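S.K.: I am sharing model.csv, which consists of CSV, C-alpha atoms:
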```csv
chain,number,residue,atom,x,y,z
A,1498,MET,CA,38.4,-12.6,8.5
A,1499,LEU,CA,35.8,-15.1,9.7
A,1500,ALA,CA,34.0,-12.3,11.5
A,1501,LEU,CA,34.0,-10.1,8.4
A,1502,THR,CA,32.5,-13.0,6.3
A,1503,PHE,CA,29.9,-13.7,9.0
A,1504,PHE,CA,28.7,-10.1,9.3
A,1505,GLY,CA,28.9,-9.6,5.5
A,1506,GLY,CA,26.5,-12.5,5.1
A,1507,ILE,CA,24.1,-11.1,7.7
A,1508,TYR,CA,24.2,-7.7,6.0
A,1509,SER,CA,23.6,-9.1,2.5
A,1510,ALA,CA,20.6,-11.2,3.8
A,1511,GLN,CA,19.0,-8.2,5.5
A,1512,TRP,CA,19.6,-6.1,2.3
A,1513,ALA,CA,17.9,-8.7,0.2
A,1514,LEU,CA,14.9,-8.7,2.6
A,1515,ASP,CA,14.7,-4.9,2.5
A,1516,ALA,CA,15.0,-4.8,-1.3
A,1517,THR,CA,12.2,-7.1,-2.3
A,1518,ARG,CA,8.9,-8.5,-1.0
A,1519,GLY,CA,9.5,-11.6,-3.1
A,1520,PHE,CA,9.2,-12.6,-6.7
A,1521,GLY,CA,6.1,-12.9,-8.8
A,1522,GLY,CA,4.7,-9.4,-8.2
A,1523,LEU,CA,1.9,-8.3,-10.4
A,1524,GLN,CA,1.3,-4.7,-11.4
A,1525,VAL,CA,-2.0,-3.0,-12.3
A,1526,ASN,CA,-1.3,0.6,-13.2
A,1527,ASN,CA,0.8,1.9,-10.2
A,1528,TRP,CA,-0.5,-0.7,-7.8
A,1529,VAL,CA,1.5,-3.8,-7.1
A,1530,ALA,CA,0.5,-7.1,-5.4
A,1531,TYR,CA,2.3,-10.3,-4.6
A,1532,PRO,CA,-0.5,-12.9,-4.6
A,1533,ARG,CA,1.8,-15.8,-3.7
A,1534,ILE,CA,3.4,-14.1,-0.8
A,1535,GLN,CA,1.0,-15.6,1.7
A,1536,THR,CA,0.8,-19.1,0.3
A,1537,GLU,CA,2.8,-22.3,0.5
A,1538,GLU,CA,4.1,-21.4,-3.0
A,1539,ALA,CA,5.9,-18.3,-1.7
A,1540,ASP,CA,9.6,-18.1,-2.5
A,1541,ALA,CA,12.2,-18.1,0.3
A,1542,TYR,CA,12.6,-14.3,0.1
A,1543,ALA,CA,8.9,-13.7,0.5
A,1544,ARG,CA,8.6,-16.0,3.4
A,1545,ALA,CA,11.6,-14.4,5.1
A,1546,HIS,CA,10.2,-11.0,4.5
A,1547,ARG,CA,6.9,-11.9,6.1
A,1548,ALA,CA,8.7,-13.4,9.1
A,1549,ASN,CA,10.9,-10.3,9.4
A,1550,ASP,CA,7.8,-8.1,9.4
A,1551,GLY,CA,6.0,-10.3,11.9
A,1552,LYS,CA,2.9,-10.4,9.7
A,1553,ILE,CA,0.1,-12.8,10.1
A,1554,LEU,CA,-0.2,-15.0,7.0
A,1555,LEU,CA,-3.5,-15.1,5.2
A,1556,GLY,CA,-4.3,-17.6,2.5
A,1557,ARG,CA,-4.5,-16.5,-1.1
A,1558,ALA,CA,-8.3,-16.4,-1.0
A,1559,GLU,CA,-8.4,-14.7,2.3
A,1560,GLY,CA,-6.5,-11.6,1.6
A,1561,LEU,CA,-4.5,-9.7,-1.0
A,1562,VAL,CA,-2.5,-6.5,-0.4
A,1563,PHE,CA,-1.9,-4.0,-3.2
A,1564,ARG,CA,0.7,-1.2,-2.6
A,1565,ALA,CA,1.2,2.1,-4.5
A,1566,VAL,CA,4.2,4.4,-4.0
A,1567,ALA,CA,3.6,6.8,-6.9
A,1568,ASP,CA,0.8,8.6,-8.6
A,1569,ASN,CA,-0.5,7.5,-12.1
A,1570,GLU,CA,2.1,9.6,-13.8
A,1571,GLY,CA,4.9,7.7,-11.9
A,1572,ARG,CA,5.8,10.5,-9.5
A,1573,PRO,CA,6.7,9.2,-6.1
A,1574,PHE,CA,4.2,10.2,-3.3
A,1575,GLN,CA,5.3,13.2,-1.2
A,1576,SER,CA,3.7,14.1,2.2
A,1577,ASN,CA,3.6,17.8,1.3
A,1578,CYS,CA,1.4,17.1,-1.8
A,1579,ASP,CA,-2.3,16.5,-2.1
A,1580,TYR,CA,-3.7,13.6,-4.1
A,1581,HIS,CA,-7.1,12.5,-5.4
A,1582,LEU,CA,-8.0,8.8,-5.6
A,1583,LYS,CA,-10.9,8.0,-7.9
A,1584,GLY,CA,-12.4,4.7,-9.1
A,1585,ARG,CA,-13.6,1.4,-7.9
A,1586,VAL,CA,-12.0,-1.1,-5.6
A,1587,PRO,CA,-11.9,-4.6,-6.9
A,1588,PRO,CA,-14.6,-7.0,-5.6
A,1589,ALA,CA,-14.0,-8.1,-2.0
A,1590,LEU,CA,-16.1,-8.9,1.0
A,1591,PHE,CA,-14.2,-6.1,2.9
A,1592,TRP,CA,-11.3,-3.8,2.1
A,1593,THR,CA,-9.2,-1.2,3.8
A,1594,LEU,CA,-7.1,1.7,2.4
A,1595,ARG,CA,-4.4,3.2,4.6
A,1596,THR,CA,-1.3,5.3,4.3
A,1597,LEU,CA,2.1,4.3,5.7
A,1598,HIS,CA,5.6,5.5,5.7
A,1599,PRO,CA,7.7,3.5,3.2
A,1600,ASP,CA,9.3,1.6,6.1
A,1601,ASN,CA,5.8,0.3,7.0
A,1602,GLU,CA,5.6,2.6,10.1
A,1603,PRO,CA,2.3,4.4,10.8
A,1604,ILE,CA,2.1,8.0,9.8
A,1605,VAL,CA,2.0,10.5,12.7
A,1606,ARG,CA,-1.4,12.2,12.8
A,1607,PRO,CA,-3.3,14.4,15.3
A,1608,SER,CA,-5.7,12.5,17.5
A,1609,GLY,CA,-9.0,11.8,15.7
A,1610,TRP,CA,-7.6,12.2,12.2
A,1611,PRO,CA,-8.5,9.3,9.8
A,1612,SER,CA,-5.7,6.7,9.3
A,1613,ALA,CA,-7.8,4.4,7.1
A,1614,ILE,CA,-10.9,4.2,5.0
A,1615,ASN,CA,-12.7,0.9,4.6
A,1616,ALA,CA,-15.7,-0.7,2.8
A,1617,ARG,CA,-18.0,0.2,5.6
A,1618,ASN,CA,-17.2,3.9,6.1
A,1619,ALA,CA,-16.4,5.0,2.5
A,1620,LEU,CA,-18.8,7.3,0.6
A,1621,ARG,CA,-19.4,6.5,-3.0
A,1622,ASP,CA,-20.8,8.6,-5.9
A,1623,ASP,CA,-23.9,7.7,-7.9
A,1624,PHE,CA,-21.9,5.4,-10.1
A,1625,GLY,CA,-20.3,3.5,-7.2
A,1626,ASN,CA,-16.9,5.1,-7.6
A,1627,LEU,CA,-14.8,6.3,-4.6
A,1628,ASN,CA,-13.4,9.8,-4.4
A,1629,ILE,CA,-10.8,10.0,-1.7
A,1630,GLU,CA,-8.7,13.0,-0.9
A,1631,LEU,CA,-5.2,12.5,0.6
A,1632,SER,CA,-3.9,15.6,2.3
A,1633,ARG,CA,-2.3,17.2,5.4
A,1634,VAL,CA,-5.3,19.5,5.6
A,1635,ALA,CA,-8.8,18.2,6.5
A,1636,LYS,CA,-11.2,17.7,3.6
A,1637,SER,CA,-14.9,17.0,3.4
A,1638,GLY,CA,-16.1,13.6,2.3
A,1639,ASN,CA,-13.6,10.7,2.1
A,1640,TRP,CA,-10.3,12.0,3.4
A,1641,LEU,CA,-7.1,10.3,4.5
A,1642,SER,CA,-4.6,12.4,6.4
A,1643,LEU,CA,-1.0,12.6,5.5
A,1644,ASP,CA,1.9,13.4,7.9
A,1645,ASN,CA,1.1,17.0,8.8
A,1646,ARG,CA,4.5,18.0,10.2
A,1647,PRO,CA,5.8,20.7,7.8
A,1648,GLU,CA,9.4,19.4,8.0
A,1649,ARG,CA,8.3,16.0,6.7
A,1650,LYS,CA,8.2,15.9,2.9
A,1651,GLU,CA,9.3,12.3,2.3
A,1652,GLY,CA,7.2,9.8,0.6
A,1653,PHE,CA,4.5,7.5,1.8
A,1654,GLU,CA,2.8,4.3,0.6
A,1655,LEU,CA,-0.8,3.5,0.0
A,1656,GLN,CA,-1.9,0.1,1.0
A,1657,LEU,CA,-5.2,-1.4,-0.2
A,1658,THR,CA,-6.0,-4.7,1.5
A,1659,LEU,CA,-8.8,-6.9,0.0
A,1660,ILE,CA,-10.3,-9.5,2.3
A,1661,ASP,CA,-12.1,-12.5,0.9
A,1662,THR,CA,-11.7,-11.5,-2.7
A,1663,PRO,CA,-12.5,-13.7,-5.7
A,1664,ILE,CA,-9.7,-12.1,-7.8
A,1665,SER,CA,-6.9,-13.7,-5.8
A,1666,ASN,CA,-5.9,-16.0,-8.6
A,1667,VAL,CA,-3.1,-14.8,-10.8
A,1668,SER,CA,-5.1,-14.7,-14.0
A,1669,GLY,CA,-7.8,-12.4,-12.6
A,1670,ILE,CA,-5.4,-9.8,-11.3
A,1671,ARG,CA,-4.1,-8.8,-14.7
A,1672,GLU,CA,-7.5,-7.6,-15.9
A,1673,LEU,CA,-8.4,-5.5,-12.8
A,1674,GLN,CA,-9.2,-1.9,-12.8
A,1675,MET,CA,-7.7,-0.1,-9.8
A,1676,PRO,CA,-8.4,3.4,-8.5
A,1677,VAL,CA,-6.5,6.2,-10.3
A,1678,ILE,CA,-4.3,8.4,-8.1
A,1679,THR,CA,-3.7,12.0,-9.3
A,1680,ARG,CA,-1.5,14.6,-7.8
A,1681,VAL,CA,-3.6,17.8,-7.1
A,1682,GLY,CA,-0.8,20.1,-5.9
A,1683,CYS,CA,2.1,20.5,-3.5
A,1684,ALA,CA,2.8,23.0,-0.7
```
Have the structure of the file written as structure tokens, please.

M.R.:
Amino acid sequence: MLALTFFGGIYSAQWALDATRGFGGLQVNNWVAYPRIQTEEADAYARAHRANDGKILLGRAEGLVFRAVADNEGRPFQSNCDYHLKGRVPPALFWTLRTLHPDNEPIVRPSGWPSAINARNALRDDFGNLNIELSRVAKSGNWLSLDNRPERKEGFELQLTLIDTPISNVSGIRELQMPVITRVGCA
């Protein structure tokens, strides 16, 4: 009975870590950020989640990570669909946009295919907006490749990391405009 209780406790703690990144998440359209996750104010679940992931902690002013798992109509991302991301990235000294599997594992790509777009290599239109294609098939301009194995149709996650951003305080996040993600079509 003691062993059952012990392993039940371990299982429930691991389930809680997998089910949440912590409390205090803020949502802007379909993008979600946890501004306190990397600070001393982080709740116990957030701290445990970061330790479990083995992530380096950044201070609130040093980095903020937004995640999206669905398009702007609320449909979960699928690797067999193409998407178009359009708009501006919030102010930051540097930013990176990348795709990951939902379990935070890198997406399998052929050698040389882009795994991330950042502030230095992104092309912008005349108004300063980004236009980024997400697809299994190579596209001109800004393009992020998705898992190109035909048997893989599961979802993925977009991760936008802002480095040295002035909007890291909680009040500024609610008024942000984030890029819009539209599904173009599915194979």

S.K.: Between atom CA of A:Leu1590 and atom CA of A:Asn1615, measure the distance and give it in Å to one decimal.

M.R.: 11.0 Å

S.K.: Excluding same-chain residues fewer than 4 positions from A:Ala1565, what lies within 6 Å of it counting all atoms listed in the file, as a list in words?

M.R.: Asn1527, Trp1528, Glu1654 and Leu1655 of chain A

S.K.: Emit the selected residues as a PDB file, keeping the file's coordinate frame, including C-alpha atoms.

M.R.:
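For reference, result.pdb as written:
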```pdb
ATOM      1  CA  ASN A1527       0.800   1.900 -10.200  1.00  0.00           C
ATOM      2  CA  TRP A1528      -0.500  -0.700  -7.800  1.00  0.00           C
ATOM      3  CA  GLU A1654       2.800   4.300   0.600  1.00  0.00           C
ATOM      4  CA  LEU A1655      -0.800   3.500   0.000  1.00  0.00           C
TER       5      LEU A1655
END
```

S.K.: Between atom CA of A:Ser1576 and atom CA of A:Gly1652, what is the spacing in Å?

M.R.: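 Interatomic distance here is 5.8 Å.
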
S.K.: Please measure the separation of atom CA of A:Arg1572 and atom CA of A:Arg1606, giving the value in Å to one decimal.

M.R.: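 Those two atoms sit 23.5 Å apart.
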
S.K.: Name the closest residue to A:Arg1564 among the candidates A:Asn1526, A:Asn1645, A:Asn1626, A:Asn1577; distances are taken between atoms, counting only C-alpha atoms.

M.R.: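 The answer is A:Asn1526, which sits nearest to A:Arg1564.
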
S.K.: Which one of A:Asp1579, A:Trp1640, A:Val1566, A:Ser1608 sits closest to A:Gln1656 if you count all atoms listed in the file?

M.R.: A:Val1566

S.K.: For A:Val1677, which of A:Trp1610, A:Leu1627, A:Phe1574, A:Phe1563 is the closest residue, counting all atoms listed in the file?

M.R.: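 Checking each candidate against A:Val1677, we get A:Leu1627 as the closest.
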